[in-house]
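Asks: Structure file data.cif, mmCIF, N, CA and C atoms and all ligand atoms, is pasted below:
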```
data_final
loop_
_atom_site.label_atom_id
_atom_site.label_comp_id
_atom_site.auth_asym_id
_atom_site.auth_seq_id
_atom_site.Cartn_x
_atom_site.Cartn_y
_atom_site.Cartn_z
N MET A 1 -52.08 8.55 79.74
CA MET A 1 -52.81 7.52 79.01
C MET A 1 -53.87 6.93 79.94
N THR A 2 -55.08 6.79 79.42
CA THR A 2 -56.15 6.23 80.23
C THR A 2 -56.01 4.71 80.34
N THR A 3 -56.59 4.18 81.40
CA THR A 3 -56.57 2.73 81.59
C THR A 3 -57.67 2.12 80.73
N PRO A 4 -57.35 1.11 79.93
CA PRO A 4 -58.37 0.50 79.05
C PRO A 4 -59.37 -0.32 79.87
N SER A 5 -60.46 -0.68 79.24
CA SER A 5 -61.44 -1.55 79.90
C SER A 5 -60.82 -2.91 80.18
N THR A 6 -61.41 -3.63 81.10
CA THR A 6 -60.89 -4.95 81.44
C THR A 6 -60.91 -5.86 80.22
N THR A 7 -61.96 -5.83 79.44
CA THR A 7 -62.05 -6.67 78.24
C THR A 7 -60.93 -6.36 77.26
N THR A 8 -60.68 -5.08 77.04
CA THR A 8 -59.60 -4.68 76.13
C THR A 8 -58.25 -5.12 76.67
N ALA A 9 -58.04 -4.94 77.96
CA ALA A 9 -56.76 -5.35 78.57
C ALA A 9 -56.57 -6.86 78.45
N LEU A 10 -57.63 -7.63 78.69
CA LEU A 10 -57.52 -9.09 78.60
C LEU A 10 -57.22 -9.53 77.17
N LEU A 11 -57.86 -8.92 76.21
CA LEU A 11 -57.60 -9.26 74.81
C LEU A 11 -56.17 -8.93 74.42
N ARG A 12 -55.70 -7.76 74.85
CA ARG A 12 -54.32 -7.38 74.55
C ARG A 12 -53.35 -8.36 75.22
N GLY A 13 -53.62 -8.74 76.44
CA GLY A 13 -52.75 -9.70 77.12
C GLY A 13 -52.75 -11.04 76.42
N PHE A 14 -53.92 -11.49 76.00
CA PHE A 14 -54.03 -12.76 75.28
C PHE A 14 -53.19 -12.74 74.00
N LEU A 15 -53.11 -11.58 73.38
CA LEU A 15 -52.32 -11.43 72.16
C LEU A 15 -50.85 -11.13 72.47
N ARG A 16 -50.48 -11.24 73.75
CA ARG A 16 -49.10 -11.05 74.22
C ARG A 16 -48.63 -9.61 74.05
N LYS A 17 -49.57 -8.68 74.14
CA LYS A 17 -49.23 -7.26 74.04
C LYS A 17 -49.47 -6.60 75.39
N CYS A 18 -48.89 -5.44 75.57
CA CYS A 18 -49.07 -4.67 76.80
C CYS A 18 -50.55 -4.41 77.01
N PRO A 19 -51.10 -4.73 78.20
CA PRO A 19 -52.53 -4.51 78.42
C PRO A 19 -52.90 -3.03 78.48
N ARG A 20 -51.94 -2.17 78.71
CA ARG A 20 -52.24 -0.73 78.80
C ARG A 20 -52.31 -0.07 77.43
N CYS A 21 -51.25 -0.25 76.60
CA CYS A 21 -51.22 0.45 75.31
C CYS A 21 -51.53 -0.47 74.12
N GLY A 22 -51.31 -1.75 74.27
CA GLY A 22 -51.57 -2.70 73.18
C GLY A 22 -50.51 -2.69 72.09
N ALA A 23 -49.46 -1.91 72.26
CA ALA A 23 -48.43 -1.81 71.22
C ALA A 23 -47.15 -2.54 71.60
N GLY A 24 -46.73 -2.43 72.84
CA GLY A 24 -45.48 -3.04 73.28
C GLY A 24 -45.65 -4.52 73.58
N ALA A 25 -44.54 -5.24 73.53
CA ALA A 25 -44.56 -6.67 73.84
C ALA A 25 -44.65 -6.89 75.35
N LEU A 26 -45.47 -7.86 75.74
CA LEU A 26 -45.63 -8.18 77.16
C LEU A 26 -44.54 -9.13 77.63
N PHE A 27 -43.90 -9.84 76.70
CA PHE A 27 -42.90 -10.84 77.06
C PHE A 27 -41.54 -10.47 76.46
N ASP A 28 -40.49 -10.85 77.20
CA ASP A 28 -39.13 -10.70 76.69
C ASP A 28 -38.71 -11.91 75.86
N GLY A 29 -39.38 -13.03 76.06
CA GLY A 29 -39.07 -14.26 75.34
C GLY A 29 -40.34 -15.06 75.19
N TYR A 30 -40.18 -16.38 75.23
CA TYR A 30 -41.35 -17.25 75.06
C TYR A 30 -42.34 -17.10 76.21
N LEU A 31 -41.84 -17.15 77.46
CA LEU A 31 -42.73 -17.04 78.62
C LEU A 31 -42.24 -16.03 79.66
N LYS A 32 -41.14 -15.37 79.44
CA LYS A 32 -40.60 -14.43 80.42
C LYS A 32 -41.28 -13.08 80.29
N ARG A 33 -41.98 -12.69 81.35
CA ARG A 33 -42.68 -11.41 81.34
C ARG A 33 -41.67 -10.27 81.32
N ALA A 34 -41.92 -9.26 80.53
CA ALA A 34 -41.06 -8.08 80.51
C ALA A 34 -41.25 -7.30 81.81
N ASP A 35 -40.21 -6.63 82.25
CA ASP A 35 -40.32 -5.81 83.45
C ASP A 35 -41.13 -4.54 83.19
N ALA A 36 -41.07 -4.07 81.96
CA ALA A 36 -41.82 -2.85 81.60
C ALA A 36 -42.15 -2.89 80.11
N CYS A 37 -43.19 -2.19 79.74
CA CYS A 37 -43.57 -2.12 78.32
C CYS A 37 -42.52 -1.29 77.56
N PRO A 38 -42.01 -1.79 76.44
CA PRO A 38 -41.03 -1.01 75.67
C PRO A 38 -41.65 0.19 74.96
N HIS A 39 -42.97 0.25 74.88
CA HIS A 39 -43.65 1.35 74.18
C HIS A 39 -44.12 2.45 75.14
N CYS A 40 -44.85 2.06 76.19
CA CYS A 40 -45.43 3.07 77.10
C CYS A 40 -44.76 3.07 78.47
N ALA A 41 -43.82 2.16 78.71
CA ALA A 41 -43.05 2.08 79.96
C ALA A 41 -43.91 1.68 81.17
N GLU A 42 -45.07 1.07 80.95
CA GLU A 42 -45.86 0.55 82.07
C GLU A 42 -45.05 -0.50 82.81
N ASN A 43 -45.03 -0.39 84.13
CA ASN A 43 -44.22 -1.30 84.95
C ASN A 43 -45.01 -2.58 85.24
N PHE A 44 -44.42 -3.73 84.94
CA PHE A 44 -45.06 -5.02 85.19
C PHE A 44 -44.39 -5.80 86.31
N VAL A 45 -43.45 -5.20 87.00
CA VAL A 45 -42.78 -5.90 88.10
C VAL A 45 -43.83 -6.17 89.19
N GLY A 46 -43.90 -7.41 89.63
CA GLY A 46 -44.88 -7.81 90.64
C GLY A 46 -46.19 -8.27 90.07
N VAL A 47 -46.38 -8.14 88.76
CA VAL A 47 -47.60 -8.62 88.09
C VAL A 47 -47.30 -10.02 87.57
N ASP A 48 -47.63 -11.02 88.36
CA ASP A 48 -47.30 -12.40 88.00
C ASP A 48 -48.56 -13.24 87.89
N ALA A 49 -48.49 -14.26 87.05
CA ALA A 49 -49.66 -15.09 86.79
C ALA A 49 -49.66 -16.39 87.59
N ASP A 50 -48.54 -16.71 88.23
CA ASP A 50 -48.39 -17.95 89.01
C ASP A 50 -48.79 -19.18 88.20
N ASP A 51 -49.64 -20.05 88.76
CA ASP A 51 -49.99 -21.31 88.09
C ASP A 51 -51.25 -21.21 87.23
N GLY A 52 -51.90 -20.08 87.20
CA GLY A 52 -53.14 -19.93 86.46
C GLY A 52 -53.03 -20.30 84.99
N PRO A 53 -52.02 -19.80 84.27
CA PRO A 53 -51.91 -20.15 82.85
C PRO A 53 -51.76 -21.65 82.61
N ALA A 54 -51.00 -22.31 83.47
CA ALA A 54 -50.81 -23.76 83.30
C ALA A 54 -52.15 -24.50 83.48
N TRP A 55 -52.91 -24.12 84.50
CA TRP A 55 -54.20 -24.77 84.73
C TRP A 55 -55.17 -24.50 83.58
N LEU A 56 -55.21 -23.28 83.11
CA LEU A 56 -56.11 -22.97 81.98
C LEU A 56 -55.69 -23.74 80.73
N THR A 57 -54.39 -23.82 80.48
CA THR A 57 -53.90 -24.56 79.32
C THR A 57 -54.25 -26.04 79.42
N ILE A 58 -54.06 -26.60 80.60
CA ILE A 58 -54.41 -28.02 80.80
C ILE A 58 -55.90 -28.24 80.52
N GLY A 59 -56.73 -27.34 81.02
CA GLY A 59 -58.17 -27.47 80.81
C GLY A 59 -58.57 -27.40 79.35
N VAL A 60 -57.97 -26.47 78.62
CA VAL A 60 -58.31 -26.32 77.21
C VAL A 60 -57.78 -27.50 76.40
N VAL A 61 -56.54 -27.89 76.65
CA VAL A 61 -55.94 -28.99 75.89
C VAL A 61 -56.69 -30.30 76.17
N ALA A 62 -57.12 -30.49 77.39
CA ALA A 62 -57.89 -31.70 77.71
C ALA A 62 -59.18 -31.76 76.91
N HIS A 63 -59.79 -30.59 76.66
CA HIS A 63 -61.03 -30.56 75.88
C HIS A 63 -60.77 -30.81 74.39
N ILE A 64 -59.53 -30.78 73.99
CA ILE A 64 -59.17 -31.15 72.62
C ILE A 64 -58.80 -32.63 72.55
N ILE A 65 -58.01 -33.07 73.52
CA ILE A 65 -57.44 -34.42 73.48
C ILE A 65 -58.48 -35.51 73.79
N VAL A 66 -59.30 -35.30 74.78
CA VAL A 66 -60.24 -36.34 75.18
C VAL A 66 -61.24 -36.65 74.06
N PRO A 67 -61.89 -35.66 73.45
CA PRO A 67 -62.78 -36.01 72.31
C PRO A 67 -62.02 -36.66 71.16
N LEU A 68 -60.78 -36.22 70.92
CA LEU A 68 -59.98 -36.85 69.86
C LEU A 68 -59.68 -38.31 70.21
N LEU A 69 -59.36 -38.57 71.45
CA LEU A 69 -59.10 -39.95 71.88
C LEU A 69 -60.36 -40.81 71.74
N ILE A 70 -61.49 -40.28 72.15
CA ILE A 70 -62.75 -41.03 72.03
C ILE A 70 -63.07 -41.30 70.56
N PHE A 71 -62.86 -40.29 69.72
CA PHE A 71 -63.11 -40.45 68.29
C PHE A 71 -62.21 -41.54 67.71
N LEU A 72 -60.93 -41.50 68.05
CA LEU A 72 -59.99 -42.49 67.51
C LEU A 72 -60.33 -43.89 68.01
N GLU A 73 -60.71 -44.00 69.27
CA GLU A 73 -61.02 -45.31 69.83
C GLU A 73 -62.30 -45.90 69.26
N THR A 74 -63.31 -45.06 69.01
CA THR A 74 -64.56 -45.58 68.46
C THR A 74 -64.40 -46.00 67.00
N ARG A 75 -63.53 -45.32 66.27
CA ARG A 75 -63.27 -45.72 64.89
C ARG A 75 -62.44 -46.99 64.85
N GLY A 76 -61.45 -47.08 65.69
CA GLY A 76 -60.63 -48.28 65.79
C GLY A 76 -59.83 -48.62 64.57
N THR A 77 -59.50 -47.64 63.75
CA THR A 77 -58.75 -47.92 62.53
C THR A 77 -57.25 -47.70 62.67
N MET A 78 -56.82 -47.05 63.73
CA MET A 78 -55.39 -46.77 63.91
C MET A 78 -54.81 -47.73 64.95
N SER A 79 -53.54 -48.04 64.80
CA SER A 79 -52.87 -48.84 65.82
C SER A 79 -52.67 -47.99 67.07
N TYR A 80 -52.46 -48.68 68.22
CA TYR A 80 -52.27 -47.94 69.45
C TYR A 80 -51.02 -47.06 69.38
N GLY A 81 -50.00 -47.52 68.73
CA GLY A 81 -48.77 -46.73 68.59
C GLY A 81 -49.00 -45.46 67.79
N ALA A 82 -49.77 -45.59 66.70
CA ALA A 82 -50.07 -44.41 65.88
C ALA A 82 -50.97 -43.44 66.65
N GLU A 83 -51.96 -43.98 67.39
CA GLU A 83 -52.81 -43.11 68.21
C GLU A 83 -51.99 -42.37 69.25
N ALA A 84 -51.09 -43.08 69.92
CA ALA A 84 -50.26 -42.46 70.95
C ALA A 84 -49.38 -41.36 70.34
N ALA A 85 -48.81 -41.63 69.18
CA ALA A 85 -47.96 -40.63 68.53
C ALA A 85 -48.78 -39.40 68.14
N LEU A 86 -49.97 -39.63 67.61
CA LEU A 86 -50.83 -38.50 67.22
C LEU A 86 -51.25 -37.69 68.44
N LEU A 87 -51.72 -38.37 69.49
CA LEU A 87 -52.19 -37.67 70.68
C LEU A 87 -51.06 -36.92 71.37
N LEU A 88 -49.89 -37.53 71.43
CA LEU A 88 -48.74 -36.86 72.04
C LEU A 88 -48.34 -35.62 71.24
N SER A 89 -48.37 -35.73 69.93
CA SER A 89 -48.02 -34.59 69.08
C SER A 89 -49.02 -33.45 69.25
N VAL A 90 -50.31 -33.79 69.20
CA VAL A 90 -51.34 -32.75 69.33
C VAL A 90 -51.26 -32.11 70.72
N THR A 91 -51.04 -32.91 71.75
CA THR A 91 -50.93 -32.38 73.11
C THR A 91 -49.74 -31.43 73.22
N THR A 92 -48.60 -31.84 72.72
CA THR A 92 -47.40 -31.02 72.83
C THR A 92 -47.55 -29.71 72.06
N ILE A 93 -48.00 -29.80 70.84
CA ILE A 93 -48.11 -28.60 70.00
C ILE A 93 -49.16 -27.64 70.56
N SER A 94 -50.33 -28.15 70.93
CA SER A 94 -51.37 -27.26 71.44
C SER A 94 -50.96 -26.64 72.78
N THR A 95 -50.25 -27.38 73.61
CA THR A 95 -49.78 -26.82 74.88
C THR A 95 -48.77 -25.71 74.64
N LEU A 96 -47.83 -25.95 73.76
CA LEU A 96 -46.81 -24.93 73.50
C LEU A 96 -47.39 -23.70 72.84
N LEU A 97 -48.45 -23.86 72.06
CA LEU A 97 -49.09 -22.70 71.43
C LEU A 97 -49.97 -21.93 72.42
N LEU A 98 -50.68 -22.64 73.28
CA LEU A 98 -51.64 -21.99 74.17
C LEU A 98 -51.02 -21.38 75.42
N LEU A 99 -49.95 -21.98 75.94
CA LEU A 99 -49.41 -21.53 77.22
C LEU A 99 -49.03 -20.04 77.23
N PRO A 100 -48.30 -19.52 76.24
CA PRO A 100 -47.98 -18.09 76.30
C PRO A 100 -49.21 -17.20 76.15
N LEU A 101 -50.21 -17.65 75.40
CA LEU A 101 -51.43 -16.86 75.25
C LEU A 101 -52.17 -16.79 76.58
N CYS A 102 -52.27 -17.94 77.26
CA CYS A 102 -52.94 -17.98 78.56
C CYS A 102 -52.17 -17.18 79.60
N LYS A 103 -50.84 -17.21 79.52
CA LYS A 103 -50.05 -16.44 80.48
C LYS A 103 -50.26 -14.94 80.25
N GLY A 104 -50.29 -14.52 79.01
CA GLY A 104 -50.58 -13.12 78.71
C GLY A 104 -51.95 -12.71 79.22
N PHE A 105 -52.92 -13.58 79.06
CA PHE A 105 -54.28 -13.33 79.54
C PHE A 105 -54.30 -13.14 81.05
N PHE A 106 -53.61 -14.04 81.77
CA PHE A 106 -53.60 -13.96 83.23
C PHE A 106 -52.83 -12.73 83.72
N ILE A 107 -51.70 -12.42 83.10
CA ILE A 107 -50.95 -11.23 83.51
C ILE A 107 -51.80 -9.98 83.29
N ALA A 108 -52.52 -9.93 82.17
CA ALA A 108 -53.40 -8.79 81.91
C ALA A 108 -54.53 -8.72 82.95
N ALA A 109 -55.04 -9.88 83.36
CA ALA A 109 -56.10 -9.90 84.38
C ALA A 109 -55.58 -9.37 85.71
N VAL A 110 -54.41 -9.83 86.11
CA VAL A 110 -53.82 -9.35 87.37
C VAL A 110 -53.51 -7.86 87.27
N TRP A 111 -52.97 -7.44 86.15
CA TRP A 111 -52.66 -6.02 85.94
C TRP A 111 -53.94 -5.19 85.99
N SER A 112 -54.99 -5.65 85.32
CA SER A 112 -56.25 -4.91 85.29
C SER A 112 -56.86 -4.80 86.69
N LEU A 113 -56.80 -5.89 87.44
CA LEU A 113 -57.33 -5.85 88.82
C LEU A 113 -56.53 -4.89 89.68
N SER A 114 -55.23 -4.85 89.49
CA SER A 114 -54.40 -3.94 90.29
C SER A 114 -54.70 -2.49 89.94
N LYS A 115 -55.06 -2.21 88.69
CA LYS A 115 -55.40 -0.84 88.29
C LYS A 115 -56.76 -0.41 88.82
N LYS A 116 -57.66 -1.41 88.99
CA LYS A 116 -59.00 -1.09 89.51
C LYS A 116 -58.91 -0.69 90.98
N SER A 117 -57.91 -1.22 91.68
CA SER A 117 -57.81 -0.94 93.11
C SER A 117 -57.01 0.32 93.40
N ASP A 118 -56.42 0.94 92.37
CA ASP A 118 -55.65 2.19 92.57
C ASP A 118 -56.56 3.35 92.87
ZN ZN A 201 -47.51 -0.46 76.84
#
```
Turn the structure described in the file into structure tokens.
Ligand SMILES: [Zn+2]
Replies:
Amino acid sequence: MTTPSTTTALLRGFLRKCPRCGAGALFDGYLKRADACPHCAENFVGVDADDGPAWLTIGVVAHIIVPLLIFLETRGTMSYGAEAALLLSVTTISTLLLLPLCKGFFIAAVWSLSKKSD
């Protein structure tokens, strides 16, 4: 099997699929990276994303929360308790949705870079 382009590998990783074949799952659970692809048997041992996904998720979520906070504060129609509940909910949900996608993206990036150096 040929190695896909970096763009293809990154997209597959973002979708939580094997960056090599795009068919197998990249994760065994919510955030646990699989040791190997169940479809093409590509080995992912040693392909780790470290703190990159967390930093990317924080950056993206901040770009959602800060404008929302400014919007809510300039309107001034909600109580502080309701604003806090809304912002906390949006922060939690968007973080939990984005983190595995960002981790897949980073694992695919590390995997793609390791294939370029082979
Ligand atoms: Zn695969």
Asks: Please measure the separation of atom C of Leu97 (chain A) and atom C of His63 (chain A), giving the value in Å to one decimal.
Replies: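 It comes out at 14.1 Å.
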Asks: CA of Ala41 (chain A) and atom ZN of ligand ZN 201 (chain A), how far apart in Å?
Replies: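 Atom-to-atom, atom ZN of ligand ZN 201 (chain A) to CA of Ala41 (chain A), that is 6.0 Å.
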Asks: Can I get the residues of chain A within 7 Å of ligand ZN 201 (chain A), each with the closest pair of atoms and their distance in Å to one decimal, using all atoms listed in the file, sorted chain first then ascending number, as JSON lines?
Replies:
```
{"residue": "A:Lys17", "atom": "C", "partner": "A:ZN201", "partner_atom": "ZN", "distance": 6.6}
{"residue": "A:Cys18", "atom": "CA", "partner": "A:ZN201", "partner_atom": "ZN", "distance": 4.5}
{"residue": "A:Pro19", "atom": "N", "partner": "A:ZN201", "partner_atom": "ZN", "distance": 5.7}
{"residue": "A:Arg20", "atom": "C", "partner": "A:ZN201", "partner_atom": "ZN", "distance": 4.9}
{"residue": "A:Cys21", "atom": "N", "partner": "A:ZN201", "partner_atom": "ZN", "distance": 3.8}
{"residue": "A:Gly22", "atom": "N", "partner": "A:ZN201", "partner_atom": "ZN", "distance": 4.8}
{"residue": "A:Ala23", "atom": "N", "partner": "A:ZN201", "partner_atom": "ZN", "distance": 5.2}
{"residue": "A:Gly24", "atom": "N", "partner": "A:ZN201", "partner_atom": "ZN", "distance": 4.5}
{"residue": "A:Ala25", "atom": "N", "partner": "A:ZN201", "partner_atom": "ZN", "distance": 6.5}
{"residue": "A:Ala36", "atom": "C", "partner": "A:ZN201", "partner_atom": "ZN", "distance": 6.7}
{"residue": "A:Cys37", "atom": "CA", "partner": "A:ZN201", "partner_atom": "ZN", "distance": 4.5}
{"residue": "A:Pro38", "atom": "N", "partner": "A:ZN201", "partner_atom": "ZN", "distance": 5.7}
{"residue": "A:His39", "atom": "C", "partner": "A:ZN201", "partner_atom": "ZN", "distance": 4.8}
{"residue": "A:Cys40", "atom": "N", "partner": "A:ZN201", "partner_atom": "ZN", "distance": 3.7}
{"residue": "A:Ala41", "atom": "N", "partner": "A:ZN201", "partner_atom": "ZN", "distance": 4.9}
{"residue": "A:Glu42", "atom": "N", "partner": "A:ZN201", "partner_atom": "ZN", "distance": 5.0}
```
Asks: Quick one: DSSP alpha helix (DSSP H) residues in chain A, as a PyMOL selection string?
Replies: chain A and resi 6-14+52-75+80-116
Asks: Run DSSP on the backbone and tell me which residues of chain A come out as strand (DSSP E or B); list them as a ChimeraX atom specification.
Replies: /A:17,25,27,33,36,43
Asks: Mind pulling up the distance from atom C of Thr7 (chain A) to CA of Lys103 (chain A)?
Replies: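 Distance between the two atoms: 15.2 Å.
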Asks: Edge lengths and centre in Å to one decimal, as lines of an AutoDock Vina configuration file, of the axis-aligned box that encloses all listed atoms of region 86-90 of chain A with 8 Å added on every side?
Replies:
```
center_x = -50.1
center_y = -35.9
center_z = 69.6
size_x = 20.2
size_y = 23.5
size_z = 20.8
```
Asks: Identify which of the residues A:Met1, A:Leu11, A:Ala84, A:Val47 lies closest to Trp111 (chain A), counting only N, CA and C atoms when measuring atom-to-atom distances.
Replies: A:Val47
Asks: Quick one: residues within 8 Å of Ser94 (chain A), only N, CA and C atoms, excluding same-chain residues fewer than 4 positions away - as a list in words?
Replies: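 The neighbour list is Thr57, Val60, Val61, Leu88, Ser89, Val90, Leu98 and Leu99 of chain A.
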Asks: Give me the residues within 8 Å of Asp50 (chain A) as a list in words, counting all atoms listed in the file and dropping any in the same chain fewer than 2 places off.
Replies: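 Listing them by chain and then by number gives Val47, Asp48, Gly52, Pro53, Ala54, Trp55, Lys103, Phe106 and Ile107 of chain A.
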